[in-house]
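Text of upload_27.txt (compact mmCIF, C-alpha atoms and all ligand atoms) as supplied:
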# COMPACT_ATOMS: atom_id res chain seq x y z
CA MET A 1 2.36 29.98 0.33
CA LYS A 2 -1.03 28.86 1.66
CA ILE A 3 -2.02 28.35 5.26
CA TYR A 4 -4.61 25.74 6.24
CA LYS A 5 -6.37 25.87 9.59
CA GLY A 6 -8.16 22.99 11.29
CA ASN A 7 -7.85 20.23 13.88
CA ILE A 8 -4.55 18.62 12.91
CA ILE A 9 -3.85 14.98 13.79
CA PHE A 10 -0.83 12.95 12.69
CA ALA A 11 1.50 10.25 14.01
CA GLU A 12 5.17 10.74 14.81
CA VAL A 13 5.71 8.29 17.67
CA PHE A 14 4.30 4.76 17.33
CA GLY A 15 1.16 4.48 19.45
CA GLU A 16 0.67 8.20 20.06
CA TYR A 17 -1.46 10.78 18.31
CA GLU A 18 -0.01 14.25 17.72
CA ILE A 19 -3.03 16.51 18.09
CA ILE A 20 -3.07 20.24 17.41
CA PRO A 21 -6.60 21.59 17.91
CA ASN A 22 -7.27 24.60 15.70
CA GLY A 23 -3.74 24.47 14.35
CA TYR A 24 -2.13 25.76 11.18
CA ILE A 25 -0.18 24.09 8.36
CA ALA A 26 1.73 26.33 5.99
CA VAL A 27 2.31 24.85 2.54
CA GLU A 28 4.74 26.22 -0.02
CA ASN A 29 4.10 24.78 -3.48
CA GLU A 30 4.03 20.99 -2.94
CA PHE A 31 5.79 20.89 0.44
CA ILE A 32 4.94 21.51 4.07
CA TYR A 33 6.63 24.67 5.28
CA GLY A 34 5.63 24.51 8.93
CA ILE A 35 3.06 23.32 11.48
CA TYR A 36 1.91 25.73 14.19
CA GLU A 37 -0.28 25.80 17.27
CA ASP A 38 -0.83 29.54 16.90
CA PHE A 39 -1.09 31.63 13.79
CA PRO A 40 2.48 32.22 12.51
CA SER A 41 2.52 36.02 12.47
CA ASP A 42 5.57 36.12 10.18
CA LEU A 43 3.32 34.55 7.53
CA ASP A 44 0.71 37.26 7.83
CA GLY A 45 -0.69 38.24 4.45
CA TYR A 46 -0.65 34.78 2.86
CA GLU A 47 -3.94 33.14 1.95
CA LEU A 48 -5.58 31.46 4.95
CA ILE A 49 -8.03 28.61 4.32
CA ASP A 50 -10.06 27.89 7.44
CA PHE A 51 -11.53 24.38 7.67
CA GLY A 52 -13.27 25.21 10.96
CA ASP A 53 -13.94 22.15 13.12
CA LYS A 54 -12.82 19.69 10.43
CA ILE A 55 -9.88 17.33 10.97
CA ILE A 56 -6.70 17.38 8.84
CA ILE A 57 -4.68 14.13 8.66
CA PRO A 58 -1.94 12.79 6.35
CA SER A 59 -3.44 10.89 3.41
CA PHE A 60 -3.32 7.10 3.58
CA CYS A 61 -0.55 4.85 2.22
CA ASP A 62 -1.35 1.38 0.82
CA ILE A 63 1.84 -0.62 0.38
CA HIS A 64 0.42 -3.59 -1.51
CA LEU A 65 -2.46 -4.01 -3.94
CA HIS A 66 -3.18 -5.32 -7.43
CA ALA A 67 -4.71 -2.81 -9.85
CA PRO A 68 -5.99 -5.37 -12.42
CA GLN A 69 -7.80 -7.29 -9.69
CA PHE A 70 -9.96 -4.30 -8.76
CA VAL A 71 -12.81 -5.51 -10.97
CA ASN A 72 -12.65 -8.92 -9.21
CA ARG A 73 -13.38 -7.64 -5.70
CA GLY A 74 -15.70 -9.93 -3.77
CA LEU A 75 -15.25 -12.91 -6.12
CA GLY A 76 -13.74 -16.29 -5.27
CA MET A 77 -13.80 -15.48 -1.59
CA ASP A 78 -14.54 -19.10 -0.63
CA LYS A 79 -11.25 -20.33 -2.05
CA GLU A 80 -7.73 -20.46 -0.69
CA LEU A 81 -4.82 -18.69 -2.37
CA LEU A 82 -3.65 -21.18 -5.01
CA ASP A 83 -7.13 -22.06 -6.31
CA TRP A 84 -8.18 -18.42 -6.15
CA LEU A 85 -5.19 -17.49 -8.33
CA GLU A 86 -5.95 -20.23 -10.84
CA PHE A 87 -9.71 -19.79 -11.16
CA TYR A 88 -10.22 -16.06 -10.65
CA THR A 89 -7.04 -14.01 -10.71
CA PHE A 90 -4.99 -15.26 -13.66
CA PRO A 91 -7.98 -15.28 -16.06
CA GLU A 92 -8.79 -11.67 -15.13
CA GLU A 93 -5.19 -10.44 -15.34
CA SER A 94 -4.76 -12.00 -18.78
CA LYS A 95 -7.38 -9.56 -20.15
CA TYR A 96 -5.02 -6.60 -19.74
CA GLU A 97 -3.31 -7.39 -22.98
CA ASP A 98 -6.25 -5.40 -24.35
CA LEU A 99 -5.35 -1.74 -23.77
CA ILE A 100 -8.91 -0.50 -24.11
CA TYR A 101 -10.02 -2.86 -21.35
CA ALA A 102 -7.00 -1.88 -19.24
CA LYS A 103 -7.64 1.83 -19.60
CA LYS A 104 -11.26 1.51 -18.51
CA ALA A 105 -10.53 -0.75 -15.55
CA TYR A 106 -7.50 1.23 -14.37
CA LYS A 107 -9.39 4.51 -14.41
CA LYS A 108 -12.02 2.96 -12.15
CA PHE A 109 -9.26 1.66 -9.87
CA VAL A 110 -7.51 5.02 -9.59
CA LYS A 111 -10.80 6.75 -8.93
CA GLU A 112 -11.42 4.47 -5.95
CA LEU A 113 -7.98 5.20 -4.50
CA TRP A 114 -8.86 8.87 -4.79
CA ARG A 115 -12.28 8.31 -3.23
CA GLU A 116 -10.87 6.54 -0.17
CA GLY A 117 -7.97 8.94 0.33
CA THR A 118 -5.13 6.58 -0.58
CA LEU A 119 -2.78 8.99 -2.35
CA ASN A 120 0.36 6.82 -2.19
CA ALA A 121 0.34 3.16 -3.19
CA VAL A 122 2.63 0.26 -4.11
CA VAL A 123 0.88 -1.48 -6.95
CA PHE A 124 1.10 -4.70 -8.97
CA GLY A 125 0.08 -4.40 -12.63
CA THR A 126 0.06 -7.42 -14.94
CA ILE A 127 2.72 -9.06 -17.12
CA HIS A 128 1.84 -6.54 -19.86
CA ARG A 129 4.17 -3.59 -20.35
CA ASP A 130 1.79 -1.28 -22.21
CA ALA A 131 -1.13 -1.71 -19.82
CA THR A 132 1.15 -1.10 -16.86
CA ILE A 133 2.48 2.12 -18.41
CA GLU A 134 -1.15 3.10 -19.02
CA LEU A 135 -1.85 2.59 -15.31
CA MET A 136 1.11 4.82 -14.41
CA ASP A 137 -0.12 7.50 -16.83
CA ILE A 138 -3.54 7.50 -15.16
CA MET A 139 -2.09 7.61 -11.63
CA ASP A 140 0.18 10.49 -12.60
CA GLU A 141 -2.63 12.37 -14.32
CA PHE A 142 -4.85 12.20 -11.24
CA GLY A 143 -2.24 12.83 -8.54
CA ILE A 144 -2.01 9.32 -7.09
CA ASN A 145 1.66 8.62 -6.31
CA GLY A 146 3.71 5.52 -5.77
CA TYR A 147 5.44 2.49 -7.25
CA VAL A 148 4.00 0.35 -10.01
CA GLY A 149 5.32 -2.98 -11.24
CA LYS A 150 5.08 -4.97 -14.42
CA VAL A 151 4.61 -8.49 -13.05
CA ASN A 152 7.14 -11.23 -13.88
CA MET A 153 6.09 -14.89 -14.10
CA ASP A 154 7.77 -17.59 -16.19
CA ARG A 155 6.83 -20.89 -14.48
CA ASN A 156 3.90 -22.69 -12.85
CA SER A 157 1.43 -20.39 -14.57
CA PRO A 158 -1.33 -21.12 -17.08
CA ASP A 159 -0.57 -21.14 -20.83
CA PHE A 160 -2.70 -18.05 -21.36
CA TYR A 161 -0.83 -16.03 -18.72
CA ILE A 162 2.88 -16.77 -18.68
CA GLU A 163 6.07 -15.32 -20.17
CA ASP A 164 9.20 -17.04 -21.39
CA THR A 165 12.24 -16.03 -19.39
CA GLU A 166 13.92 -14.02 -22.10
CA SER A 167 10.89 -11.96 -23.03
CA SER A 168 10.04 -11.40 -19.37
CA ILE A 169 13.46 -9.80 -18.89
CA LYS A 170 13.34 -7.80 -22.10
CA THR A 171 9.84 -6.47 -21.43
CA THR A 172 10.90 -5.48 -17.92
CA LEU A 173 13.88 -3.53 -19.24
CA ASP A 174 11.64 -1.76 -21.79
CA PHE A 175 9.13 -1.02 -19.05
CA ILE A 176 11.82 0.56 -16.86
CA GLU A 177 13.30 2.60 -19.67
CA GLN A 178 9.87 3.91 -20.64
CA SER A 179 8.74 4.83 -17.13
CA ILE A 180 11.71 5.65 -14.94
CA ASP A 181 12.00 9.33 -15.91
CA LYS A 182 8.50 9.88 -17.22
CA TYR A 183 6.72 10.97 -14.03
CA ASN A 184 7.47 12.98 -10.93
CA ARG A 185 5.99 10.77 -8.19
CA VAL A 186 5.10 7.53 -10.00
CA LYS A 187 8.01 5.14 -10.37
CA PRO A 188 8.64 1.57 -11.60
CA ILE A 189 9.31 -1.23 -9.12
CA ILE A 190 10.66 -4.74 -9.77
CA THR A 191 7.83 -7.25 -9.34
CA PRO A 192 8.53 -11.00 -9.32
CA ARG A 193 5.02 -12.29 -8.57
CA PHE A 194 6.20 -14.81 -5.96
CA VAL A 195 8.79 -17.58 -5.83
CA PRO A 196 6.58 -20.33 -7.33
CA SER A 197 6.02 -18.34 -10.52
CA CYS A 198 9.65 -17.26 -11.19
CA THR A 199 12.53 -19.46 -12.35
CA ARG A 200 15.97 -19.18 -10.80
CA GLU A 201 17.24 -17.57 -13.98
CA LEU A 202 14.52 -14.94 -13.96
CA MET A 203 15.02 -14.13 -10.28
CA THR A 204 18.78 -13.78 -10.82
CA GLU A 205 18.24 -11.33 -13.68
CA LEU A 206 15.63 -9.32 -11.78
CA GLY A 207 18.00 -8.94 -8.83
CA GLU A 208 20.66 -7.61 -11.20
CA ILE A 209 18.25 -5.22 -12.90
CA ALA A 210 17.11 -3.85 -9.52
CA ASP A 211 20.73 -3.17 -8.59
CA LYS A 212 21.61 -1.63 -11.92
CA TYR A 213 18.70 0.85 -11.88
CA ASP A 214 18.58 1.13 -8.08
CA LEU A 215 14.93 0.08 -8.00
CA LYS A 216 12.67 -1.05 -5.19
CA ILE A 217 11.22 -4.56 -5.21
CA GLN A 218 7.79 -5.95 -4.29
CA SER A 219 6.61 -9.54 -3.94
CA HIS A 220 4.66 -11.99 -1.77
CA LEU A 221 6.04 -14.00 1.14
CA SER A 222 4.69 -16.82 3.32
CA GLU A 223 1.05 -16.02 2.79
CA ASN A 224 -0.52 -19.49 2.86
CA ARG A 225 0.64 -22.80 4.31
CA SER A 226 0.35 -24.78 1.05
CA GLU A 227 2.35 -22.06 -0.70
CA VAL A 228 5.10 -22.26 1.94
CA GLU A 229 5.26 -26.07 1.49
CA TRP A 230 5.41 -25.67 -2.28
CA VAL A 231 8.35 -23.27 -2.05
CA LYS A 232 10.15 -25.78 0.16
CA GLU A 233 9.70 -28.43 -2.55
CA LEU A 234 10.79 -26.06 -5.31
CA HIS A 235 13.87 -24.82 -3.41
CA PRO A 236 15.23 -27.54 -1.13
CA GLU A 237 18.61 -25.75 -1.27
CA SER A 238 17.25 -22.74 0.62
CA SER A 239 16.76 -22.67 4.37
CA SER A 240 13.48 -20.76 4.14
CA TYR A 241 11.07 -19.02 1.79
CA TYR A 242 12.70 -15.68 2.71
CA ASP A 243 16.10 -17.17 2.02
CA VAL A 244 15.11 -17.80 -1.61
CA TYR A 245 14.53 -14.09 -2.20
CA LYS A 246 17.80 -13.31 -0.42
CA LYS A 247 19.74 -15.77 -2.52
CA TYR A 248 18.62 -14.04 -5.72
CA ASN A 249 19.39 -10.52 -4.43
CA LEU A 250 15.74 -9.58 -4.33
CA ILE A 251 16.08 -8.24 -0.81
CA ARG A 252 17.43 -4.70 -0.98
CA ASN A 253 17.93 -2.98 2.36
CA ASN A 254 14.97 -0.70 3.11
CA LYS A 255 13.82 -1.06 -0.51
CA THR A 256 11.84 -4.30 -0.57
CA VAL A 257 8.23 -4.83 0.43
CA MET A 258 6.80 -8.30 1.06
CA ALA A 259 3.06 -8.86 1.22
CA HIS A 260 1.28 -11.01 3.83
CA CYS A 261 4.05 -12.67 5.90
CA CYS A 262 1.64 -14.82 7.93
CA TRP A 263 3.94 -17.80 8.48
CA ASN A 264 7.51 -16.56 8.87
CA THR A 265 9.81 -18.26 11.35
CA ASP A 266 11.61 -16.38 14.11
CA GLU A 267 14.82 -16.74 12.16
CA GLU A 268 13.26 -15.18 9.06
CA ILE A 269 11.86 -12.33 11.16
CA LYS A 270 15.34 -11.61 12.50
CA SER A 271 16.78 -11.42 8.98
CA MET A 272 13.89 -9.27 7.81
CA ALA A 273 14.62 -6.80 10.61
CA GLU A 274 18.31 -6.64 9.63
CA ASP A 275 17.35 -6.13 5.99
CA LYS A 276 14.65 -3.58 6.84
CA VAL A 277 12.14 -5.42 4.68
CA PHE A 278 8.70 -3.81 4.81
CA VAL A 279 5.83 -6.09 5.72
CA ALA A 280 2.59 -5.19 3.92
CA HIS A 281 -0.10 -6.17 6.38
CA SER A 282 -3.30 -7.10 4.53
CA PRO A 283 -5.73 -8.64 7.01
CA TYR A 284 -8.80 -8.53 4.73
CA SER A 285 -6.98 -10.71 2.23
CA ASN A 286 -5.48 -12.96 4.88
CA THR A 287 -8.95 -13.54 6.29
CA ASN A 288 -10.84 -13.92 2.99
CA LEU A 289 -8.40 -16.49 1.60
CA SER A 290 -8.04 -18.31 4.96
CA SER A 291 -4.33 -17.52 4.89
CA GLY A 292 -3.76 -16.68 8.55
CA ILE A 293 -3.23 -13.80 10.97
CA ALA A 294 0.17 -12.17 10.49
CA PRO A 295 2.15 -11.70 13.74
CA ILE A 296 2.37 -7.92 13.36
CA ARG A 297 3.20 -7.18 17.00
CA LYS A 298 6.10 -9.61 16.74
CA PHE A 299 7.40 -7.98 13.55
CA LEU A 300 7.20 -4.58 15.21
CA ASN A 301 8.85 -5.74 18.44
CA ASN A 302 11.70 -7.13 16.34
CA GLY A 303 12.13 -3.86 14.45
CA VAL A 304 10.64 -4.89 11.10
CA PRO A 305 9.00 -1.93 9.30
CA VAL A 306 5.27 -2.46 8.70
CA GLY A 307 2.64 -0.69 6.60
CA LEU A 308 -1.00 -1.42 5.87
CA ALA A 309 -2.32 -2.84 2.62
CA SER A 310 -5.67 -3.61 1.02
CA ASP A 311 -4.26 -6.35 -1.25
CA ILE A 312 -7.10 -5.84 -3.69
CA SER A 313 -8.60 -8.29 -4.61
CA GLY A 314 -7.56 -10.90 -2.05
CA GLY A 315 -8.85 -8.08 0.12
CA HIS A 316 -12.27 -6.86 -0.98
CA ASP A 317 -12.11 -3.34 0.49
CA ILE A 318 -9.70 -0.74 -0.90
CA SER A 319 -10.13 1.65 2.02
CA ILE A 320 -7.13 1.91 4.37
CA ARG A 321 -9.48 3.50 6.91
CA SER A 322 -11.29 0.18 6.92
CA VAL A 323 -8.02 -1.82 6.97
CA ILE A 324 -7.22 -0.01 10.23
CA SER A 325 -10.27 -1.44 11.98
CA ILE A 326 -9.94 -5.00 10.59
CA SER A 327 -6.25 -4.94 11.61
CA ALA A 328 -7.26 -4.16 15.18
CA GLN A 329 -9.93 -6.86 15.10
CA VAL A 330 -7.76 -9.71 13.80
CA SER A 331 -4.95 -8.79 16.19
CA LYS A 332 -7.42 -9.18 19.06
CA MET A 333 -8.46 -12.61 17.78
CA ARG A 334 -4.81 -13.63 17.48
CA TRP A 335 -4.25 -12.57 21.06
CA VAL A 336 -7.34 -14.45 22.30
CA TYR A 337 -6.92 -17.67 20.35
CA LEU A 338 -3.17 -18.07 20.56
CA ASN A 339 -3.20 -17.09 24.20
CA SER A 340 -0.35 -15.00 23.02
CA ASP A 341 1.94 -12.56 24.77
CA GLU A 342 1.75 -10.42 21.64
CA GLU A 343 -0.63 -7.61 22.56
CA SER A 344 -3.29 -6.58 20.07
CA LEU A 345 -2.89 -3.40 18.02
CA ASN A 346 -4.76 -0.24 18.97
CA SER A 347 -6.15 2.59 16.83
CA ALA A 348 -3.27 5.00 17.45
CA GLU A 349 -0.72 2.33 16.49
CA LEU A 350 -2.65 1.48 13.34
CA PHE A 351 -3.03 5.13 12.36
CA TYR A 352 0.76 5.32 12.56
CA LEU A 353 1.13 2.25 10.30
CA ALA A 354 -1.41 3.68 7.82
CA THR A 355 0.51 6.96 7.50
CA LYS A 356 4.10 7.28 8.74
CA GLY A 357 4.78 3.51 8.90
CA GLY A 358 3.82 2.66 5.30
CA GLY A 359 4.80 6.17 4.21
CA ALA A 360 8.44 5.41 4.96
CA PHE A 361 8.54 3.21 1.84
CA PHE A 362 7.88 6.31 -0.32
CA GLU A 363 9.64 9.65 -0.60
CA LYS A 364 8.57 12.23 1.99
CA THR A 365 4.96 11.36 2.68
CA GLY A 366 2.79 10.04 5.53
CA ARG A 367 3.94 12.73 7.97
CA PHE A 368 3.23 16.34 8.72
CA LYS A 369 6.79 17.50 8.79
CA GLU A 370 8.63 20.40 7.26
CA GLY A 371 9.94 19.46 3.81
CA TYR A 372 7.47 16.61 3.34
CA TYR A 373 4.88 16.65 0.56
CA PHE A 374 1.56 18.06 1.67
CA ASP A 375 -0.40 14.84 1.03
CA ALA A 376 -3.43 15.25 3.26
CA LEU A 377 -7.10 14.60 3.85
CA VAL A 378 -9.60 17.01 5.37
CA LEU A 379 -12.27 15.07 7.24
CA ASP A 380 -15.79 16.27 7.86
CA ASP A 381 -17.16 13.96 10.53
CA SER A 382 -20.16 16.10 11.42
CA ASN A 383 -22.57 13.29 10.50
CA LEU A 384 -20.81 11.01 13.03
CA LEU A 385 -21.14 13.40 15.95
CA ASP A 386 -23.96 12.81 18.40
CA ILE A 387 -25.41 14.50 21.43
CA ASN A 388 -22.28 13.83 23.52
CA PRO A 389 -19.14 15.91 23.21
CA ARG A 390 -16.22 13.90 21.79
CA THR A 391 -12.48 14.46 21.91
CA LEU A 392 -10.54 14.70 18.66
CA GLU A 393 -9.02 11.30 19.39
CA GLU A 394 -12.49 9.79 19.79
CA ARG A 395 -13.69 11.49 16.62
CA LEU A 396 -10.83 9.96 14.64
CA GLU A 397 -11.41 6.50 16.11
CA ARG A 398 -15.07 6.73 15.17
CA TYR A 399 -14.17 7.70 11.61
CA PHE A 400 -12.01 4.56 11.42
CA TYR A 401 -14.85 2.34 12.59
CA ILE A 402 -18.08 3.91 11.36
CA GLY A 403 -17.00 6.50 8.81
CA ASP A 404 -16.72 6.14 5.05
CA ASP A 405 -15.50 8.00 1.97
CA ARG A 406 -18.21 10.64 2.39
CA ASN A 407 -16.31 11.90 5.42
CA ILE A 408 -13.39 12.95 3.22
CA TYR A 409 -14.12 16.58 2.46
CA LYS A 410 -10.91 17.37 0.56
CA ARG A 411 -7.81 15.57 -0.68
CA PHE A 412 -4.42 17.19 -1.25
CA SER A 413 -1.55 15.55 -3.12
CA SER A 414 1.77 17.41 -3.51
CA GLY A 415 0.02 20.48 -2.09
CA LYS A 416 -2.67 20.50 -4.78
CA GLU A 417 -6.32 19.79 -4.17
CA LEU A 418 -7.41 16.72 -6.14
CA LYS A 419 -10.73 17.06 -7.90
CA GLU A 420 -13.02 14.11 -8.48
CA ILE A 421 -12.01 11.89 -11.37
CA GLU A 422 -14.59 11.42 -14.06
CA ALA A 423 -14.48 7.69 -14.77
CA ASP A 424 -16.74 7.02 -17.74
CA CYS A 425 -17.84 3.58 -16.66
N1 LIG B 1 0.57 -14.62 -4.43
C1 LIG B 1 0.92 -14.59 -5.73
N2 LIG B 1 0.10 -13.80 -6.45
C2 LIG B 1 -0.80 -13.30 -5.59
C3 LIG B 1 -1.90 -12.41 -5.73
O1 LIG B 1 -2.24 -11.92 -6.81
N3 LIG B 1 -2.59 -12.13 -4.59
C4 LIG B 1 -2.25 -12.64 -3.38
N4 LIG B 1 -2.98 -12.31 -2.32
N5 LIG B 1 -1.24 -13.48 -3.24
C5 LIG B 1 -0.51 -13.81 -4.32
FE FE B 2 -1.02 -9.56 -3.23
Could you show the structure in this file as C-alpha cells?
Amino acid sequence: MKIYKGNIIFAEVFGEYEIIPNGYIAVENEFIYGIYEDFPSDLDGYELIDFGDKIIIPSFCDIHLHAPQFVNRGLGMDKELLDWLEFYTFPEESKYEDLIYAKKAYKKFVKELWREGTLNAVVFGTIHRDATIELMDIMDEFGINGYVGKVNMDRNSPDFYIEDTESSIKTTLDFIEQSIDKYNRVKPIITPRFVPSCTRELMTELGEIADKYDLKIQSHLSENRSEVEWVKELHPESSSYYDVYKKYNLIRNNKTVMAHCCWNTDEEIKSMAEDKVFVAHSPYSNTNLSSGIAPIRKFLNNGVPVGLASDISGGHDISIRSVISISAQVSKMRWVYLNSDEESLNSAELFYLATKGGGAFFEKTGRFKEGYYFDALVLDDSNLLDINPRTLEERLERYFYIGDDRNIYKRFSSGKELKEIEADC
C-alpha cells in the first residue's frame, strides 16, 4: 500500500468538480483503495508520498485516434475529408507494411501519449496485422492501455492500400487470436474503417466476429457532408448512415464507439442513446477538415455517452488537455452561429468527458473510486501561478487553457509510475 497526498480533483457528477484540498489517495498494487479528506489513521505505517501543493487528477482518456497518422500531423489541413484521405492518409498508412518503419513511428506515437498524459486510448492501426501487434506490444511495454484495431477496408480504396474480403477477414481473425490474451490492459477491437470502405459481406463477417469474441467496435460516422451523401448512394436500402452499421450488427450495446458524428439526425441520435453508442468528440479534426461542429450538448441531453478524442491526424494536437479547450471554444461558436438552445460546454463538463465520460468505454479508469485502476497525473502548475491567489478550480482551468506537457510532474498507470520512454528518433 502507498498513500499519495496532494490537491485531488476528479469528476463524478457531470458539470461538477470533486475537490479535496490536501487529500489522500491510498493505492494497493494497481488499484485505488480509498480517497480521504484526512489522513486515514488505520493506514498508519504505510509509505506516504507528499506532493505538497501539486494537483492530482485522473489521467486522460482519448477514445479515437489513428496511430499511423501521427507522423502526418499538420499536413493536408487545407483539404476536406475525402481528399485528405486520398492524398495524405492512405499513402502514409500503406507504409506500415514495413515493420521497421512501423516500430519507429509507433514508438514516437506512444511516447507522445505518455508525454501528454493520455494513458488510455482507443486506437486505429492500419490494415497490417504485424504492425498493429507491434503497436500493441509498445503500448503494453510502456503502460499505455486501451483498445487497438487492425483496420478493415475492401472497397473504394486505392490499389496500394486495400484488402480483398477474404484476406481481410482471415487477417482479422489471426490478429484477434494473437492479441486477445497477450496483454493485461491492451485489447483488440473490431475496426471497419467506415461504411464507404467496407463491403456488405465484410461488414456482415465483422459483426459476427465481434459477437463471437465479444469484442468492442470502433468506426467513423457522419463526419462530413459529402461522406454522408456517398453512404446514401451506396446504401439506398438503409434509412440512415447509422442504420447501415446497425444492419450489419456493428452496433453492440455500450461497446461501440463512433468518431465525429457531426451530422446525425434526431432519429439517429435517439437510436444511439438506446444503443449506448459512444460518440468520440474530436473538434480539432472537425475544424481542420471543415467537417462541422458536432452537437455534443444534444447528444448529452439525449443520454448518448460522449468522450473526447484527438483524432490524430485529422486533429493535429494529441493533447486531451488541449482538446478540452477547443471543445469549449467550438461549442460557443455553435451556440452563437446557430442561435441554438444548446448551451455551450464548460470546463467542468469537459473535464468530466476527458476522464469519467470517455473512461467508461474502458475497464475501471477515468475515476478516483475504490477498485478502479490508479491511472493518474500529478500536475505542477507553479509556473502558471501569478501574484493573485487562485482557487484549485481556477488553477485547473488555467492548466487546460495555458498549460502544456511540462506541467505533468508524474504519470501513474495501474498504480505504477511511468518513466519517460526513450524513443530513438
Ligand atoms: N474516415 C475514414 N477514415 C478516416 C480517417 O482516417 N480519419 C478521419 N478523420 N475520418 C475518417
Ligand atoms: Fe478518425
### Which of A:Ala273, A:Ala294, A:Ala210, A:Ile100 sits closest to Arg334 (chain A) [using only C-alpha atoms]
A:Ala294
### Task
Could you tell me which of A:Gly15, A:Tyr242, A:Ile127, A:Leu289 comes closest to Leu345 (chain A) if we count only C-alpha atoms?
A:Gly15
### Query
Which residue gives the smallest distance to ligand FE 2 (chain B) among A:Ser413, A:Asn301, A:Thr126, A:Ser340, with only C-alpha atoms and all ligand atoms counted?
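Ranked by minimum distance to ligand FE 2 (chain B), first place goes to A:Thr126.
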Given 5 Å of margin on each side, can you work out the centre and size in Å (one decimal) of an axis-aligned box holding every listed atom of ligand LIG 1 (chain B), as JSON?
{"center_x": -1.0, "center_y": -13.3, "center_z": -4.6, "size_x": 13.9, "size_y": 12.7, "size_z": 14.5}
#### Entry: Within-12 Å residues of ligand FE 2 (chain B), basis only C-alpha atoms and all ligand atoms, as a ChimeraX atom specification
/A:62-70,81,84-85,89,122-126,151,191-194,218-224,257-261,279-286,289,291,309-316
### Query
CA of Phe374 (chain A) and CA of Gly415 (chain A) are how many Å apart?
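Those two atoms sit 4.7 Å apart.
Residues lying within 9 Å of Ala376 (chain A), counting all atoms listed in the file and ignoring same-chain neighbours fewer than 2 positions away, are Ile56, Ile57, Pro58, Ser59, Phe60, Gly117, Leu119, Gly366, Phe368, Tyr373, Phe374, Val378, Lys410, Arg411, Phe412, Ser413, Ser414 and Gly415 of chain A.
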### Query
Closest to Gly146 (chain A) among A:Thr199, A:Asn407, A:Thr118, A:Thr391, using only C-alpha atoms?
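Residue with the minimum atom-to-atom distance to Gly146 (chain A): A:Thr118.
Interatomic distance, CA of Val27 (chain A) to CA of Glu370 (chain A): 9.1 Å.
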### Query
Counting only C-alpha atoms, what is within 12 Å of Val304 (chain A), bar same-chain residues fewer than 3 positions away, as a VMD selection string?
chain A and resid 253 to 254 256 to 258 261 266 268 to 281 295 to 301 307 353 357 to 358
### Query
What is the distance, in Å and to one decimal place, between CA of Gly76 (chain A) and CA of Asn288 (chain A)?
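Computing the Euclidean distance for CA of Gly76 (chain A) and CA of Asn288 (chain A) yields 9.1 Å.
For the choices A:Met136, A:Leu48, A:Leu82, A:Val71, the atom-to-atom distance to Phe175 (chain A) is smallest for A:Met136 when using only C-alpha atoms.
Checking A:Pro389, A:Pro91, A:Gly207, A:Gly45 one by one against ligand LIG 1 (chain B), counting only C-alpha atoms and all ligand atoms, you find the shortest gap at A:Pro91.
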### Task
Could you give me, as a PyMOL selection string, the residues within 12 Å of Ser240 (chain A), counting all atoms listed in the file and dropping anything in the same chain fewer than 6 positions from it?
chain A and resi 195+221-222+228-234+246-247+263-269+271
### Message
Counting only C-alpha atoms, I want the residues whose atoms come within 10 Å of (-17.7, 5.2, 6.0) in the file frame, returned as a PyMOL selection string.
### Response
chain A and resi 116+319+321-322+381+384+398-408
### Message
Taking 2 positions as the minimum chain separation for residues in the same chain, which residues sit within 10 Å of Ile35 (chain A) when counting all atoms listed in the file? Answer as a PyMOL selection string.
### Response
chain A and resi 3-5+8+20+23-27+32-33+37-40+368-370
### Query
Glu363 (chain A): which residues within 12 Å, counting all atoms listed in the file, same-chain residues fewer than 5 positions away excluded, as a list in words?
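The contact residues come out as Phe31, Cys61, Asn120, Ala121, Asn145, Gly146, Tyr147, Asn184, Arg185, Val186, Lys187, Lys255, Lys356, Gly358, Gly371, Tyr372, Tyr373, Phe374, Asp375 and Ser414 of chain A.
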